$ cat coords32.txt   # compact mmCIF, C-alpha atoms
# COMPACT_ATOMS: atom_id res chain seq x y z
CA MET A 1 21.15 -14.42 -23.00
CA ASN A 2 22.29 -12.23 -20.17
CA LEU A 3 19.91 -11.01 -17.53
CA THR A 4 19.89 -7.33 -18.43
CA ALA A 5 18.91 -8.05 -22.00
CA ARG A 6 16.21 -10.43 -20.84
CA MET A 7 14.73 -7.89 -18.42
CA MET A 8 14.65 -5.27 -21.15
CA ILE A 9 13.08 -7.56 -23.71
CA VAL A 10 10.40 -8.89 -21.35
CA LEU A 11 9.39 -5.45 -20.12
CA THR A 12 9.38 -4.03 -23.65
CA VAL A 13 7.20 -6.84 -24.94
CA ILE A 14 4.76 -6.50 -22.03
CA ALA A 15 4.55 -2.73 -22.46
CA MET A 16 4.01 -3.08 -26.21
CA LEU A 17 1.27 -5.65 -25.74
CA SER A 18 -0.37 -3.40 -23.18
CA GLY A 19 -0.14 -0.39 -25.46
CA GLY A 20 -1.61 -2.34 -28.35
CA ILE A 21 -4.53 -3.65 -26.32
CA LEU A 22 -5.29 -0.19 -24.93
CA ALA A 23 -5.05 1.54 -28.29
CA GLY A 24 -7.48 -0.95 -29.80
CA TRP A 25 -9.85 -0.79 -26.85
CA ASP A 26 -9.76 2.99 -26.82
CA SER A 27 -10.75 3.26 -30.47
CA LEU A 28 -13.64 0.86 -29.74
CA THR A 29 -15.00 2.72 -26.72
CA LYS A 30 -14.16 6.33 -27.57
CA PRO A 31 -17.17 7.01 -29.85
CA LYS A 32 -19.50 5.62 -27.16
CA ILE A 33 -17.96 7.73 -24.40
CA GLU A 34 -18.08 10.83 -26.58
CA HIS A 35 -21.70 10.04 -27.39
CA HIS A 36 -22.64 9.81 -23.67
CA ARG A 37 -20.90 13.09 -22.99
CA LEU A 38 -22.83 14.78 -25.78
CA VAL A 39 -26.18 13.30 -24.70
CA ALA A 40 -25.59 14.47 -21.13
CA LEU A 41 -24.62 17.92 -22.39
CA GLU A 42 -27.72 18.21 -24.57
CA ALA A 43 -29.99 16.97 -21.79
CA ALA A 44 -28.54 19.57 -19.44
CA ILE A 45 -28.97 22.35 -22.01
CA ALA A 46 -32.56 21.26 -22.64
CA ASP A 47 -33.17 21.29 -18.88
CA VAL A 48 -32.05 24.85 -18.24
CA LEU A 49 -33.40 26.59 -21.36
CA PRO A 50 -36.99 27.10 -22.51
CA ALA A 51 -38.26 24.98 -25.42
CA HIS A 52 -36.09 25.46 -28.47
CA ASP A 53 -35.46 23.72 -31.77
CA HIS A 54 -31.69 23.44 -31.76
CA TYR A 55 -28.67 25.16 -30.33
CA GLU A 56 -25.56 26.65 -31.82
CA THR A 57 -22.20 26.64 -30.14
CA LEU A 58 -20.39 29.91 -29.72
CA GLU A 59 -16.75 29.38 -28.82
CA SER A 60 -14.96 32.25 -27.24
CA PRO A 61 -11.41 32.02 -25.90
CA ASP A 62 -12.78 32.15 -22.37
CA MET A 63 -15.95 30.12 -22.50
CA THR A 64 -18.28 28.06 -24.67
CA LEU A 65 -21.82 29.43 -25.00
CA TYR A 66 -24.79 27.44 -26.26
CA LEU A 67 -27.29 29.62 -28.11
CA ALA A 68 -30.83 28.23 -28.29
CA LYS A 69 -32.57 28.95 -31.58
CA PRO A 70 -36.12 28.43 -32.85
CA ALA A 71 -36.89 26.17 -35.84
CA GLU A 72 -37.13 29.17 -38.16
CA GLY A 73 -35.53 32.57 -38.11
CA ASP A 74 -32.42 33.62 -36.32
CA SER A 75 -33.85 35.01 -33.09
CA LEU A 76 -32.25 34.01 -29.82
CA ILE A 77 -34.33 32.10 -27.26
CA GLY A 78 -31.77 31.71 -24.54
CA ILE A 79 -28.12 31.23 -23.73
CA ALA A 80 -26.64 28.34 -21.76
CA PHE A 81 -23.11 28.00 -20.42
CA GLN A 82 -21.20 25.97 -17.87
CA ALA A 83 -20.22 27.65 -14.63
CA VAL A 84 -17.45 26.10 -12.53
CA GLY A 85 -16.15 27.00 -9.11
CA SER A 86 -15.43 25.58 -5.70
CA GLY A 87 -18.25 24.50 -3.42
CA PHE A 88 -18.01 23.29 0.16
CA GLN A 89 -15.76 20.30 -0.53
CA GLY A 90 -14.69 20.52 -4.13
CA GLU A 91 -15.44 21.66 -7.61
CA VAL A 92 -19.07 22.30 -8.56
CA ARG A 93 -19.98 22.33 -12.24
CA ILE A 94 -23.31 23.88 -13.16
CA MET A 95 -25.17 24.29 -16.44
CA VAL A 96 -26.78 27.72 -16.38
CA GLY A 97 -29.53 28.96 -18.71
CA ALA A 98 -30.21 32.66 -19.15
CA GLU A 99 -32.51 34.84 -21.16
CA PRO A 100 -30.92 36.81 -23.98
CA GLY A 101 -29.43 39.84 -22.28
CA PHE A 102 -28.64 37.84 -19.14
CA GLU A 103 -31.18 39.76 -17.02
CA HIS A 104 -32.98 36.66 -15.77
CA LEU A 105 -32.03 33.00 -15.50
CA THR A 106 -34.15 30.30 -17.11
CA GLY A 107 -32.80 27.50 -14.94
CA ILE A 108 -29.74 25.79 -13.53
CA LYS A 109 -28.66 22.17 -13.28
CA VAL A 110 -25.75 20.96 -11.19
CA LEU A 111 -23.72 18.56 -13.34
CA GLU A 112 -20.93 17.60 -10.96
CA GLN A 113 -20.42 18.13 -7.25
CA ILE A 114 -18.98 16.37 -4.20
CA GLU A 115 -20.93 18.21 -1.49
CA THR A 116 -21.96 16.52 1.77
CA PRO A 117 -24.50 13.77 1.02
CA GLY A 118 -27.92 14.63 2.41
CA LEU A 119 -27.12 18.31 3.01
CA GLY A 120 -25.10 19.99 0.30
CA THR A 121 -26.37 17.54 -2.31
CA LYS A 122 -29.77 19.23 -2.04
CA ILE A 123 -28.37 21.68 -4.61
CA VAL A 124 -28.95 18.81 -7.05
CA GLU A 125 -32.09 17.31 -5.58
CA ASP A 126 -33.66 16.87 -2.18
CA PRO A 127 -35.09 13.38 -1.66
CA SER A 128 -36.51 14.41 1.74
CA ASN A 129 -38.93 16.76 -0.02
CA LYS A 130 -41.08 14.06 -1.62
CA SER A 131 -43.49 16.33 -3.45
CA ASN A 132 -40.86 18.63 -4.94
CA PRO A 133 -37.32 17.23 -4.73
CA LEU A 134 -36.05 19.84 -7.18
CA TRP A 135 -37.32 22.80 -5.15
CA TRP A 136 -33.90 24.29 -4.65
CA PRO A 137 -32.55 24.50 -8.24
CA ALA A 138 -36.10 25.41 -9.39
CA GLN A 139 -35.78 28.70 -7.51
CA PHE A 140 -33.31 29.86 -10.13
CA GLN A 141 -35.97 29.77 -12.84
CA GLY A 142 -36.73 33.40 -13.53
CA VAL A 143 -34.50 34.79 -10.82
CA SER A 144 -33.22 38.25 -11.56
CA THR A 145 -29.47 38.67 -12.01
CA SER A 146 -29.30 42.38 -11.24
CA PRO A 147 -27.35 43.37 -9.35
CA GLU A 148 -26.60 39.75 -8.53
CA ILE A 149 -28.23 36.58 -7.18
CA VAL A 150 -28.36 36.58 -3.39
CA VAL A 151 -28.94 33.64 -1.05
CA ILE A 152 -30.93 34.54 2.06
CA LYS A 153 -31.31 32.48 5.22
CA ASN A 154 -34.39 31.60 7.25
CA ALA A 155 -36.80 33.75 5.28
CA ALA A 156 -38.84 33.56 2.13
CA PRO A 157 -37.34 35.49 -0.80
CA SER A 158 -38.82 38.97 -1.09
CA SER A 159 -36.96 40.46 -4.05
CA PRO A 160 -36.67 38.98 -7.55
CA ASN A 161 -32.94 38.44 -7.16
CA GLU A 162 -33.19 36.33 -4.00
CA VAL A 163 -33.26 32.57 -3.47
CA GLN A 164 -33.71 30.76 -0.20
CA GLY A 165 -30.68 28.98 1.26
CA ILE A 166 -30.66 25.31 2.25
CA THR A 167 -30.86 24.71 5.98
CA GLY A 168 -27.65 22.98 7.02
CA ALA A 169 -25.93 23.69 3.72
CA THR A 170 -25.53 27.45 3.69
CA ILE A 171 -22.04 27.23 2.25
CA SER A 172 -23.12 24.99 -0.63
CA SER A 173 -26.10 27.23 -1.39
CA LYS A 174 -24.02 30.38 -1.36
CA ALA A 175 -21.30 28.69 -3.40
CA VAL A 176 -23.78 27.92 -6.18
CA ALA A 177 -24.96 31.55 -6.23
CA ARG A 178 -21.40 32.80 -6.21
CA ILE A 179 -20.32 30.47 -9.04
CA VAL A 180 -23.35 31.45 -11.13
CA ASN A 181 -22.81 35.17 -10.51
CA THR A 182 -19.12 35.04 -11.38
CA ASP A 183 -19.46 33.01 -14.54
CA LEU A 184 -22.57 34.87 -15.64
CA GLU A 185 -20.41 37.96 -15.84
CA ARG A 186 -17.80 36.05 -17.83
CA ALA A 187 -20.48 34.68 -20.15
CA ARG A 188 -21.88 38.16 -20.67
CA GLN A 189 -18.44 39.45 -21.62
CA ALA A 190 -17.76 36.47 -23.87
CA PHE A 191 -21.12 36.97 -25.60
CA ASP A 192 -20.72 40.72 -26.03
CA GLY A 193 -17.17 40.27 -27.26
CA GLN A 194 -18.26 37.77 -29.92
CA GLU A 195 -21.48 39.40 -31.06
CA GLY A 196 -20.57 43.04 -30.63
CA MET B 1 0.57 -27.70 4.85
CA ALA B 2 2.01 -27.58 1.37
CA LYS B 3 1.33 -31.22 0.55
CA THR B 4 -1.86 -31.35 -1.47
CA VAL B 5 -4.17 -28.37 -1.69
CA THR B 6 -7.25 -29.09 -3.73
CA LEU B 7 -8.73 -26.65 -6.23
CA ARG B 8 -11.79 -26.53 -4.02
CA GLU B 9 -9.70 -25.25 -1.12
CA ASP B 10 -7.96 -22.75 -3.40
CA PHE B 11 -11.36 -21.39 -4.29
CA LEU B 12 -13.04 -21.44 -0.89
CA LYS B 13 -10.20 -19.84 1.09
CA GLY B 14 -10.84 -16.50 -0.65
CA ILE B 15 -14.46 -16.49 0.41
CA TRP B 16 -13.99 -16.95 4.14
CA LYS B 17 -10.72 -18.17 5.66
CA GLU B 18 -8.45 -15.76 3.75
CA ASN B 19 -11.14 -13.30 2.71
CA PRO B 20 -9.30 -10.27 1.30
CA VAL B 21 -11.24 -7.80 3.44
CA LEU B 22 -12.36 -9.66 6.55
CA ALA B 23 -9.19 -11.70 7.14
CA SER B 24 -6.35 -9.96 5.28
CA LEU B 25 -7.68 -6.36 5.48
CA LEU B 26 -6.61 -5.72 1.89
CA GLY B 27 -8.33 -3.39 -0.53
CA LEU B 28 -9.83 -1.30 2.25
CA CYS B 29 -9.73 1.99 0.35
CA PRO B 30 -12.40 1.05 -2.22
CA THR B 31 -14.18 -1.02 0.44
CA LEU B 32 -14.68 2.04 2.60
CA ALA B 33 -15.11 4.59 -0.15
CA VAL B 34 -17.69 3.19 -2.56
CA THR B 35 -19.98 1.10 -0.38
CA ASN B 36 -22.45 3.91 0.31
CA ALA B 37 -24.93 2.03 -1.91
CA ALA B 38 -25.30 -1.67 -2.70
CA MET B 39 -25.10 -1.09 -6.45
CA ASN B 40 -21.78 0.77 -6.14
CA GLY B 41 -20.37 -2.04 -4.00
CA LEU B 42 -21.43 -4.64 -6.54
CA ALA B 43 -20.01 -2.69 -9.49
CA MET B 44 -16.71 -2.09 -7.70
CA GLY B 45 -16.55 -5.78 -6.70
CA LEU B 46 -17.18 -6.95 -10.25
CA ALA B 47 -14.65 -4.52 -11.75
CA THR B 48 -12.00 -5.57 -9.23
CA THR B 49 -12.73 -9.26 -9.83
CA PHE B 50 -12.41 -8.76 -13.59
CA VAL B 51 -9.02 -7.11 -13.15
CA LEU B 52 -7.90 -9.74 -10.62
CA VAL B 53 -8.90 -12.72 -12.76
CA CYS B 54 -7.37 -11.34 -15.98
CA SER B 55 -4.17 -10.26 -14.25
CA SER B 56 -3.79 -13.60 -12.48
CA LEU B 57 -4.20 -15.48 -15.74
CA MET B 58 -1.59 -13.32 -17.48
CA VAL B 59 0.89 -13.35 -14.63
CA SER B 60 0.56 -17.07 -14.12
CA SER B 61 1.04 -17.86 -17.80
CA MET B 62 4.11 -15.62 -17.98
CA ARG B 63 5.57 -16.70 -14.63
CA ASN B 64 8.52 -18.56 -16.19
CA ILE B 65 9.40 -15.76 -18.61
CA ILE B 66 9.42 -12.71 -16.33
CA PRO B 67 12.82 -12.18 -14.66
CA HIS B 68 12.55 -11.95 -10.89
CA GLN B 69 14.05 -8.42 -10.78
CA VAL B 70 11.37 -6.83 -12.94
CA ARG B 71 8.40 -8.84 -11.77
CA ILE B 72 6.67 -6.01 -9.86
CA ALA B 73 7.00 -3.63 -12.80
CA SER B 74 5.58 -6.31 -15.09
CA TYR B 75 2.66 -7.03 -12.75
CA ILE B 76 1.79 -3.35 -12.49
CA VAL B 77 1.76 -2.91 -16.27
CA VAL B 78 -0.48 -5.97 -16.64
CA ILE B 79 -2.82 -4.77 -13.86
CA ALA B 80 -2.94 -1.19 -15.15
CA THR B 81 -3.85 -2.46 -18.62
CA PHE B 82 -6.87 -4.36 -17.35
CA VAL B 83 -7.91 -1.53 -15.05
CA THR B 84 -7.95 0.86 -18.00
CA VAL B 85 -9.95 -1.66 -20.02
CA ALA B 86 -12.50 -1.91 -17.20
CA ASP B 87 -12.61 1.86 -16.72
CA ARG B 88 -13.23 2.54 -20.43
CA PHE B 89 -15.81 -0.24 -20.55
CA LEU B 90 -17.83 1.27 -17.70
CA ALA B 91 -17.56 4.78 -19.16
CA ALA B 92 -18.76 3.53 -22.55
CA TYR B 93 -21.51 1.11 -21.57
CA LEU B 94 -22.54 1.94 -17.99
CA PRO B 95 -22.00 5.71 -17.75
CA ASP B 96 -24.13 6.13 -14.60
CA ILE B 97 -22.11 3.61 -12.61
CA SER B 98 -18.89 5.02 -14.01
CA LYS B 99 -19.94 8.46 -12.80
CA SER B 100 -20.89 7.35 -9.30
CA LEU B 101 -17.65 5.38 -8.81
CA GLY B 102 -15.60 8.29 -10.10
CA PRO B 103 -11.86 7.97 -9.54
CA TYR B 104 -12.14 4.69 -7.63
CA ILE B 105 -12.13 2.57 -10.79
CA PRO B 106 -8.73 3.87 -11.99
CA LEU B 107 -7.52 3.44 -8.40
CA ILE B 108 -8.05 -0.35 -8.62
CA VAL B 109 -4.53 -0.36 -10.03
CA VAL B 110 -3.14 0.32 -6.56
CA ASN B 111 -5.43 -2.14 -4.79
CA CYS B 112 -3.05 -4.28 -2.70
CA LEU B 113 -5.42 -7.21 -3.02
CA ILE B 114 -4.58 -7.56 -6.72
CA LEU B 115 -0.82 -7.05 -6.54
CA GLY B 116 -0.77 -9.23 -3.42
CA ARG B 117 -2.37 -12.19 -5.19
CA GLN B 118 0.09 -11.90 -8.10
CA GLU B 119 3.10 -11.85 -5.78
CA ALA B 120 1.84 -14.47 -3.36
CA PHE B 121 0.01 -16.85 -5.64
CA SER B 122 -0.23 -16.45 -9.42
CA SER B 123 3.48 -16.01 -9.96
CA LYS B 124 4.12 -19.43 -8.38
CA ARG B 125 1.18 -21.54 -9.54
CA ASN B 126 -0.18 -22.88 -12.82
CA VAL B 127 -2.89 -21.09 -14.77
CA GLY B 128 -5.75 -23.25 -13.54
CA ARG B 129 -5.03 -22.71 -9.86
CA ALA B 130 -4.36 -19.01 -10.40
CA LEU B 131 -7.77 -18.70 -12.04
CA VAL B 132 -9.54 -20.53 -9.22
CA ASP B 133 -7.73 -18.47 -6.58
CA ALA B 134 -8.57 -15.20 -8.32
CA LEU B 135 -12.24 -16.18 -8.66
CA GLY B 136 -12.45 -17.12 -4.98
CA MET B 137 -10.77 -13.92 -3.83
CA GLY B 138 -12.89 -11.85 -6.21
CA ILE B 139 -16.14 -13.41 -5.01
CA GLY B 140 -15.05 -12.95 -1.39
CA PHE B 141 -14.39 -9.28 -2.14
CA ILE B 142 -17.75 -8.84 -3.92
CA LEU B 143 -19.63 -10.47 -1.03
CA VAL B 144 -18.12 -8.13 1.56
CA LEU B 145 -18.64 -5.02 -0.59
CA VAL B 146 -22.27 -5.88 -1.32
CA THR B 147 -22.93 -6.71 2.36
CA LEU B 148 -21.46 -3.37 3.41
CA GLY B 149 -23.35 -1.56 0.66
CA VAL B 150 -26.68 -3.16 1.61
CA ILE B 151 -26.28 -2.40 5.34
CA ARG B 152 -25.21 1.20 4.74
CA GLU B 153 -27.87 1.84 2.11
CA ILE B 154 -30.69 0.47 4.31
CA LEU B 155 -29.65 2.50 7.35
CA GLY B 156 -28.51 5.56 5.43
CA ALA B 157 -31.22 5.88 2.83
CA GLY B 158 -33.90 3.26 3.61
CA THR B 159 -33.36 1.53 0.25
CA VAL B 160 -31.66 -1.57 -1.19
CA PHE B 161 -30.33 -1.38 -4.76
CA GLY B 162 -32.39 1.79 -5.06
CA ALA B 163 -35.70 0.14 -4.09
CA THR B 164 -37.37 1.52 -0.98
CA VAL B 165 -37.58 -1.08 1.80
CA LEU B 166 -38.20 1.10 4.83
CA GLY B 167 -41.28 3.30 4.74
CA ASP B 168 -41.75 6.99 5.37
CA TRP B 169 -41.58 6.46 9.15
CA PHE B 170 -37.87 5.76 8.83
CA ASP B 171 -35.60 8.73 9.25
CA PRO B 172 -32.35 7.83 7.41
CA TRP B 173 -29.16 7.84 9.46
CA MET B 174 -27.20 10.15 7.24
CA VAL B 175 -23.94 9.15 8.95
CA MET B 176 -24.15 5.67 7.42
CA ILE B 177 -23.62 6.90 3.87
CA LEU B 178 -20.87 9.25 5.00
CA PRO B 179 -17.29 7.99 5.57
CA PRO B 180 -17.77 7.34 9.33
CA GLY B 181 -20.56 4.90 8.50
CA ALA B 182 -18.11 2.90 6.39
CA PHE B 183 -15.64 2.56 9.27
CA LEU B 184 -18.37 1.67 11.78
CA THR B 185 -19.96 -0.96 9.55
CA LEU B 186 -16.67 -2.51 8.47
CA GLY B 187 -15.41 -2.61 12.06
CA ILE B 188 -18.53 -4.39 13.25
CA LEU B 189 -18.40 -6.87 10.34
CA ILE B 190 -14.76 -7.75 11.05
CA ALA B 191 -15.50 -8.11 14.76
CA LEU B 192 -18.40 -10.46 14.00
CA ALA B 193 -16.24 -12.52 11.64
CA ASN B 194 -13.49 -12.84 14.26
CA TRP B 195 -15.97 -13.67 16.99
CA TYR B 196 -17.47 -16.42 14.83
CA ASN B 197 -14.02 -17.83 13.98
CA ASP B 198 -12.96 -17.81 17.64
CA ARG B 199 -16.09 -19.60 18.71
CA ARG B 200 -15.61 -22.25 16.05
CA ALA B 201 -11.98 -22.71 16.99
CA ALA B 202 -12.92 -23.09 20.65
CA ALA B 203 -15.69 -25.61 19.98

$ encode --input "coords32.txt" --output "structure tokens"
Amino acid sequence: MNLTARMMIVLTVIAMLSGGILAGWDSLTKPKIEHHRLVALEAAIADVLPAHDHYETLESPDMTLYLAKPAEGDSLIGIAFQAVGSGFQGEVRIMVGAEPGFEHLTGIKVLEQIETPGLGTKIVEDPSNKSNPLWWPAQFQGVSTSPEIVVIKNAAPSSPNEVQGITGATISSKAVARIVNTDLERARQAFDGQEG
Amino acid sequence: MAKTVTLREDFLKGIWKENPVLASLLGLCPTLAVTNAAMNGLAMGLATTFVLVCSSLMVSSMRNIIPHQVRIASYIVVIATFVTVADRFLAAYLPDISKSLGPYIPLIVVNCLILGRQEAFSSKRNVGRALVDALGMGIGFILVLVTLGVIREILGAGTVFGATVLGDWFDPWMVMILPPGAFLTLGILIALANWYNDRRAAA
């Protein structure tokens, strides 16, 4: 057998074996991975919205909205959506919960971020604040969204639409507010477009 | 040198004398990137060892079939297959670790340590010796990653494997869990290893 044929056959066989193994392994692990993704999504939705029985998914071309519903009736308890934008070092993905009408937030939870450890990561939790490590994201519970959420420095918030910035991580703090503001507007439009 | 090398020597050389990180300076990218916590170091070490052992077994058993001209391509396909298996496994069964290691698991495929062992060892030795070599190198890699992870986690967060070891009085050195801490710690470890080797050679 000449060399060219041998090279082709060996590489083809190796690639086919590899493809077979991966296809089999993927079908084994895919349900699990999908399950973890769903559990994480549901946990995040439960975190940012007030108590609700179940949620319905509202797909719009621009955005997916999660509508929290009570056990009975068709009233709307809250709306959750994912906001994405750039932080200090990279993409920040946030689950945002809002009241129906989008006038106030019910909570936020940062799902993914690569901010500076120990500074920017306080947008997720702050281990140096032992009694209340979640003090920063907790500020978004009940914050007013009109005209928009504002981060202030070195002072306690005085208006309902203000949250206090993180010392040493002003950019990360402001990025979160900016991302939430921007995508809140998109969510509002997506919701109005679908319901109206 | 090439007269008789025992299996024991094949195994032990990976742990100290030819340690992939301390002696050969291979696989430094994951070594520096993921050792901000002991658990991450351990998980990365285990994943890399899994890929190394499986790839070495495959490459060694196919060493007489693979034509010399396409050997690198063949090795990469074999390595990439096992990396994907490891990546999917972590995502399916250990989602937290998978999340904290992020893109560094898929990047095992370009870890020079693994390709280096195939080229330098497995492709020329029988399956048994390839296995022993891969295990030794893998354990050597795990030991260094865990050591780095433990040192950086203690100094950077006051914890080991997530358990608090230094009390409230300790103000964590944030730099240790940032990239500069990785370079500092690794540099000091390599210096200590060389110093020890020199002293033993002189004695």

$ interface_residues --input "coords32.txt" --of "chain A" --to "chain B" --cutoff "9 Å" --atoms "only C-alpha atoms" --output "PDB file with C-alpha atoms, keeping the file's coordinate frame"
ATOM      1  CA  LEU A   3      19.910 -11.010 -17.530  1.00  0.00           C
ATOM      2  CA  ARG A   6      16.210 -10.430 -20.840  1.00  0.00           C
ATOM      3  CA  MET A   7      14.730  -7.890 -18.420  1.00  0.00           C
ATOM      4  CA  MET A   8      14.650  -5.270 -21.150  1.00  0.00           C
ATOM      5  CA  VAL A  10      10.400  -8.890 -21.350  1.00  0.00           C
ATOM      6  CA  LEU A  11       9.390  -5.450 -20.120  1.00  0.00           C
ATOM      7  CA  ILE A  14       4.760  -6.500 -22.030  1.00  0.00           C
ATOM      8  CA  ALA A  15       4.550  -2.730 -22.460  1.00  0.00           C
ATOM      9  CA  SER A  18      -0.370  -3.400 -23.180  1.00  0.00           C
ATOM     10  CA  GLY A  19      -0.140  -0.390 -25.460  1.00  0.00           C
ATOM     11  CA  ILE A  21      -4.530  -3.650 -26.320  1.00  0.00           C
ATOM     12  CA  LEU A  22      -5.290  -0.190 -24.930  1.00  0.00           C
ATOM     13  CA  TRP A  25      -9.850  -0.790 -26.850  1.00  0.00           C
ATOM     14  CA  ASP A  26      -9.760   2.990 -26.820  1.00  0.00           C
ATOM     15  CA  THR A  29     -15.000   2.720 -26.720  1.00  0.00           C
ATOM     16  CA  LYS A  30     -14.160   6.330 -27.570  1.00  0.00           C
ATOM     17  CA  PRO A  31     -17.170   7.010 -29.850  1.00  0.00           C
ATOM     18  CA  LYS A  32     -19.500   5.620 -27.160  1.00  0.00           C
ATOM     19  CA  ILE A  33     -17.960   7.730 -24.400  1.00  0.00           C
ATOM     20  CA  GLU A  34     -18.080  10.830 -26.580  1.00  0.00           C
ATOM     21  CA  HIS A  35     -21.700  10.040 -27.390  1.00  0.00           C
ATOM     22  CA  HIS A  36     -22.640   9.810 -23.670  1.00  0.00           C
ATOM     23  CA  THR A 116     -21.960  16.520   1.770  1.00  0.00           C
ATOM     24  CA  PRO A 117     -24.500  13.770   1.020  1.00  0.00           C
ATOM     25  CA  GLY A 118     -27.920  14.630   2.410  1.00  0.00           C
TER      26      GLY A 118
END

$ closest_residue --input "coords32.txt" --among "A:Ala51, A:Glu125, A:Ile114, A:Gln189" --to "Leu101 of chain B" --atoms "all atoms listed in the file"
A:Ile114

$ residues_near_point --input "coords32.txt" --point "(0.5, -15.3, -10.8)" --cutoff "8 Å" --atoms "all atoms listed in the file" --output "MDAnalysis selection string"
chainID B and resid 55:61 63 117:127 130

$ closest_residue --input "coords32.txt" --among "A:Ala169, A:Leu58, A:Ala40, A:Ala156" --to "Val110 of chain A" --atoms "all atoms listed in the file"
A:Ala40

$ residues_around --input "coords32.txt" --residues "Met176 of chain B" --least-positions-apart "6" --cutoff "9 Å" --atoms "only C-alpha atoms" --output "ChimeraX atom specification"
/B:36,151-157,182,184-185

$ write_last_selection --input "coords32.txt" --atoms "C-alpha atoms" --output "mmCIF file, in the frame of the given file"
data_model
loop_
_atom_site.group_PDB
_atom_site.id
_atom_site.type_symbol
_atom_site.label_atom_id
_atom_site.label_comp_id
_atom_site.auth_asym_id
_atom_site.auth_seq_id
_atom_site.Cartn_x
_atom_site.Cartn_y
_atom_site.Cartn_z
ATOM 1 C CA ASN B 36 -22.450 3.910 0.310
ATOM 2 C CA ILE B 151 -26.280 -2.400 5.340
ATOM 3 C CA ARG B 152 -25.210 1.200 4.740
ATOM 4 C CA GLU B 153 -27.870 1.840 2.110
ATOM 5 C CA ILE B 154 -30.690 0.470 4.310
ATOM 6 C CA LEU B 155 -29.650 2.500 7.350
ATOM 7 C CA GLY B 156 -28.510 5.560 5.430
ATOM 8 C CA ALA B 157 -31.220 5.880 2.830
ATOM 9 C CA ALA B 182 -18.110 2.900 6.390
ATOM 10 C CA LEU B 184 -18.370 1.670 11.780
ATOM 11 C CA THR B 185 -19.960 -0.960 9.550
#

$ axis_aligned_box --input "coords32.txt" --around "segment 177-194 of chain B" --padding-each-side "5 Å" --output "JSON"
{"center_x": -18.6, "center_y": -1.8, "center_z": 9.3, "size_x": 20.1, "size_y": 32.1, "size_z": 20.9}

$ closest_atom_pairs --input "coords32.txt" --of "segment 85-134 of chain A" --to "segment 170-177 of chain A" --cutoff "7 Å" --atoms "all atoms listed in the file" --output "tab-separated table"
residue	atom	partner	partner_atom	distance
A:Gly87	CA	A:Ala175	CA	5.2
A:Phe88	CA	A:Ser172	CA	5.4
A:Gly120	CA	A:Ser172	CA	5.5
A:Ile123	CA	A:Ser173	CA	6.8

$ closest_residue --input "coords32.txt" --among "A:Ile179, A:Val150, A:Ala71, A:Val163" --to "His54 of chain A" --atoms "all atoms listed in the file"
A:Ala71

$ residues_near_point --input "coords32.txt" --point "(-17.0, 22.0, -7.5)" --cutoff "8 Å" --atoms "only C-alpha atoms" --output "VMD selection string"
chain A and resid 84 to 93 112 to 114

$ atom_distance --input "coords32.txt" --atom1 "atom CA of Leu105 of chain A" --atom2 "atom CA of Asp183 of chain A"
12.6 Å

$ closest_residue --input "coords32.txt" --among "B:Pro103, B:Gly149, B:Pro179, B:Gly136" --to "Lys17 of chain B" --atoms "all atoms listed in the file"
B:Gly136

$ atom_distance --input "coords32.txt" --atom1 "atom CA of Lys153 of chain A" --atom2 "atom CA of Gly101 of chain A"
28.5 Å

$ residues_around --input "coords32.txt" --residues "Phe81 of chain A" --least-positions-apart "5" --cutoff "12 Å" --atoms "all atoms listed in the file" --output "MDAnalysis selection string"
chainID A and resid 41:42 44:46 48:49 55:60 62:68 93:99 102 105:111 179:180 183:188 190:191

$ write_last_selection --input "coords32.txt" --atoms "C-alpha atoms" --output "compact mmCIF listing (two decimals), in the coordinates of the input"
# COMPACT_ATOMS: atom_id res chain seq x y z
CA LEU A 41 -24.62 17.92 -22.39
CA GLU A 42 -27.72 18.21 -24.57
CA ALA A 44 -28.54 19.57 -19.44
CA ILE A 45 -28.97 22.35 -22.01
CA ALA A 46 -32.56 21.26 -22.64
CA VAL A 48 -32.05 24.85 -18.24
CA LEU A 49 -33.40 26.59 -21.36
CA TYR A 55 -28.67 25.16 -30.33
CA GLU A 56 -25.56 26.65 -31.82
CA THR A 57 -22.20 26.64 -30.14
CA LEU A 58 -20.39 29.91 -29.72
CA GLU A 59 -16.75 29.38 -28.82
CA SER A 60 -14.96 32.25 -27.24
CA ASP A 62 -12.78 32.15 -22.37
CA MET A 63 -15.95 30.12 -22.50
CA THR A 64 -18.28 28.06 -24.67
CA LEU A 65 -21.82 29.43 -25.00
CA TYR A 66 -24.79 27.44 -26.26
CA LEU A 67 -27.29 29.62 -28.11
CA ALA A 68 -30.83 28.23 -28.29
CA ARG A 93 -19.98 22.33 -12.24
CA ILE A 94 -23.31 23.88 -13.16
CA MET A 95 -25.17 24.29 -16.44
CA VAL A 96 -26.78 27.72 -16.38
CA GLY A 97 -29.53 28.96 -18.71
CA ALA A 98 -30.21 32.66 -19.15
CA GLU A 99 -32.51 34.84 -21.16
CA PHE A 102 -28.64 37.84 -19.14
CA LEU A 105 -32.03 33.00 -15.50
CA THR A 106 -34.15 30.30 -17.11
CA GLY A 107 -32.80 27.50 -14.94
CA ILE A 108 -29.74 25.79 -13.53
CA LYS A 109 -28.66 22.17 -13.28
CA VAL A 110 -25.75 20.96 -11.19
CA LEU A 111 -23.72 18.56 -13.34
CA ILE A 179 -20.32 30.47 -9.04
CA VAL A 180 -23.35 31.45 -11.13
CA ASP A 183 -19.46 33.01 -14.54
CA LEU A 184 -22.57 34.87 -15.64
CA GLU A 185 -20.41 37.96 -15.84
CA ARG A 186 -17.80 36.05 -17.83
CA ALA A 187 -20.48 34.68 -20.15
CA ARG A 188 -21.88 38.16 -20.67
CA ALA A 190 -17.76 36.47 -23.87
CA PHE A 191 -21.12 36.97 -25.60
